[in-house]
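K.L.:
What follows is a single structure, and I will ask about it in a moment.
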Amino acid sequence: MLRPIPPVSWIPLAIIWFGIADRPAIFLVFLGAFFPILMNTIHGVWTIDRNLVRAASMMGANERQFLWNVVVPAALPSIFAGLRIAIGSAWMLTVRAEMVAVKSGVGYVLWDSYYFLRYDMVIPAMVSIGLLGYLSDWAIKGLMGSILRWQRTTTVQGREG
């Protein structure tokens, strides 16, 4: 029931509950990032290859072994997909929360520059946001590549994908 509510619509309640500081921004970013990760994790668990489940069962795996040796590795690609979606949402919400509920940060600088007609600062703020978002996604892709080494594929040219 909470997932369809846009996280931005929680701004007034977040400010009432947490005041004007970093806490409303953290709350909004959490809300925006939680559901993509949760939904992708659920999808990853539900789409585990049934042959893996049968093989673990036939080998006598207990619940803990089944969880850590079958479920988690099989669901990790979906979990990382959720993380990549969540980091994009988190950046958008961070900037929006800084514009409204926080008196610092790149979003605040962007909004303040716009409000005072300092367009010479708007573009660098937007470039900073884009660069930080790109670097965050790049870091998650790097972590994903190191954890999911077994899933790497090569393209037609022979490069890693």
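Order determines the names: the first chain of the structure tokens is A, the second B, and so forth; residues in each chain are numbered 1 upward, and ligands are numbered 1 upward as they are shown.
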Per residue of segment 44-137 of chain A within 6 Å of segment 8-26 of chain A, which atom pair is closest and at what distance in Å (one decimal), using only C-alpha atoms, listed by chain and increasing number, as JSON lines?
P.N.:
{"residue": "A:Ala97", "atom": "CA", "partner": "A:Ala25", "partner_atom": "CA", "distance": 5.1}
{"residue": "A:Ala101", "atom": "CA", "partner": "A:Ile20", "partner_atom": "CA", "distance": 5.3}
{"residue": "A:Val102", "atom": "CA", "partner": "A:Ala21", "partner_atom": "CA", "distance": 5.2}
K.L.:
Just to be explicit: take each residue in the selection above, keep N, CA and C atoms, and write the result as a CSV table (one decimal), in the first residue's frame.
P.N.:
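Listed below is the output, selection_13.csv:
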chain,number,residue,atom,x,y,z
A,97,ALA,N,15.0,16.6,-1.8
A,97,ALA,CA,14.9,16.8,-0.3
A,97,ALA,C,15.8,18.0,0.1
A,101,ALA,N,13.9,20.5,2.3
A,101,ALA,CA,13.9,20.3,3.7
A,101,ALA,C,15.3,20.4,4.3
A,102,VAL,N,16.3,20.7,3.5
A,102,VAL,CA,17.7,20.7,4.1
A,102,VAL,C,18.3,22.1,3.6
K.L.:
Any idea what's packed within 9 Å of Val109 of chain A, counting only C-alpha atoms, ignoring anything in its chain fewer than 5 positions away? Could you give it as a PDB file with N, CA and C atoms, in the first residue's frame?
P.N.:
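Saved file part-v7.pdb follows:
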ATOM      1  N   GLU A  98      16.971  18.083  -0.516  1.00  0.00           N
ATOM      2  CA  GLU A  98      17.864  19.193  -0.191  1.00  0.00           C
ATOM      3  C   GLU A  98      17.277  20.522  -0.649  1.00  0.00           C
ATOM      4  N   MET A  99      16.494  20.496  -1.709  1.00  0.00           N
ATOM      5  CA  MET A  99      15.856  21.726  -2.176  1.00  0.00           C
ATOM      6  C   MET A  99      14.801  22.217  -1.190  1.00  0.00           C
ATOM      7  N   LYS A 103      19.163  22.613   4.438  1.00  0.00           N
ATOM      8  CA  LYS A 103      19.806  23.888   4.122  1.00  0.00           C
ATOM      9  C   LYS A 103      21.264  23.718   3.710  1.00  0.00           C
ATOM     10  N   SER A 104      21.561  22.590   3.067  1.00  0.00           N
ATOM     11  CA  SER A 104      22.904  22.350   2.556  1.00  0.00           C
ATOM     12  C   SER A 104      22.814  21.289   1.467  1.00  0.00           C
ATOM     13  N   TYR A 114      19.062  29.006  -8.502  1.00  0.00           N
ATOM     14  CA  TYR A 114      17.902  29.317  -9.336  1.00  0.00           C
ATOM     15  C   TYR A 114      17.101  30.468  -8.731  1.00  0.00           C
ATOM     16  N   MET A 121      25.740  29.185 -11.614  1.00  0.00           N
ATOM     17  CA  MET A 121      25.913  28.105 -10.636  1.00  0.00           C
ATOM     18  C   MET A 121      24.973  26.926 -10.897  1.00  0.00           C
ATOM     19  N   VAL A 122      23.918  27.137 -11.669  1.00  0.00           N
ATOM     20  CA  VAL A 122      22.941  26.076 -11.915  1.00  0.00           C
ATOM     21  C   VAL A 122      23.566  24.938 -12.717  1.00  0.00           C
ATOM     22  N   ALA A 125      26.080  22.854 -10.766  1.00  0.00           N
ATOM     23  CA  ALA A 125      25.377  22.020  -9.785  1.00  0.00           C
ATOM     24  C   ALA A 125      24.745  20.816 -10.468  1.00  0.00           C
TER      25      ALA A 125
END
K.L.:
Ranking A:Arg64, A:Met58, A:Phe80, A:Pro7 by minimum distance to Leu38 of chain A and counting only C-alpha atoms, which one comes first?
P.N.:
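Closest to Leu38 of chain A of all the choices is A:Phe80.
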K.L.:
Write out as a ChimeraX atom specification which residues come within 6 Å of Gly32 of chain A when counting only C-alpha atoms, dropping same-chain ones fewer than 2 positions away.
P.N.:
/A:7,29-30,34,89
K.L.:
Could you check which of A:Val70, A:Leu28, A:Asn51, A:Pro77 is closest to Trp150 of chain A, using only C-alpha atoms?
P.N.:
A:Pro77
K.L.:
May I have the residues within 10 Å of Ile37 of chain A as a list in words, using only C-alpha atoms and disregarding those fewer than 3 positions away in the same chain?
P.N.:
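Answer for this query is Gly32, Ala33, Phe34, Asn40, Thr41, Ile42, His43, Ser78, Ile79, Phe80, Ala81, Gly82, Leu83, Arg84, Ile85, Ala86 and Ile87 of chain A.
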K.L.:
Which residue, A:Gln151, A:Ile123, A:Ala61, A:Ala74, has the smallest gap to Thr47 of chain A when you use only C-alpha atoms?
P.N.:
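The closest residue to Thr47 of chain A is A:Ala74.
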K.L.:
For atom CA of Trp46 of chain A and atom CA of Leu67 of chain A, quote the distance in Å rounded to one decimal.
P.N.:
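These two atoms are separated by 13.0 Å.
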K.L.:
Could you pull out all residues of segment 5-157 of chain A with a DSSP call of alpha helix (DSSP H) and give them as a PyMOL selection string?
P.N.:
chain A and resi 11-18+22-46+50-58+63-66+72-100+106-115+119-147
K.L.:
Set the distance at 10 Å and use only C-alpha atoms: which residues neighbour Leu2 of chain A once local chain neighbours fewer than 3 positions away are removed? I'd like the list as a PDB file with C-alpha atoms, in the first residue's frame.
P.N.:
ATOM      1  CA  ILE A   5       2.793   6.720  -2.922  1.00  0.00           C
ATOM      2  CA  PRO A   6       5.519   8.912  -4.472  1.00  0.00           C
ATOM      3  CA  PRO A   7       8.280   9.528  -1.934  1.00  0.00           C
ATOM      4  CA  LEU A  31      11.567   5.279   1.104  1.00  0.00           C
ATOM      5  CA  PHE A  35      10.869  -0.553  -2.626  1.00  0.00           C
TER       6      PHE A  35
END
K.L.:
By how many Å are atom CA of Thr94 of chain A and atom CA of Gly130 of chain A apart?
P.N.:
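Interatomic distance here is 12.5 Å.
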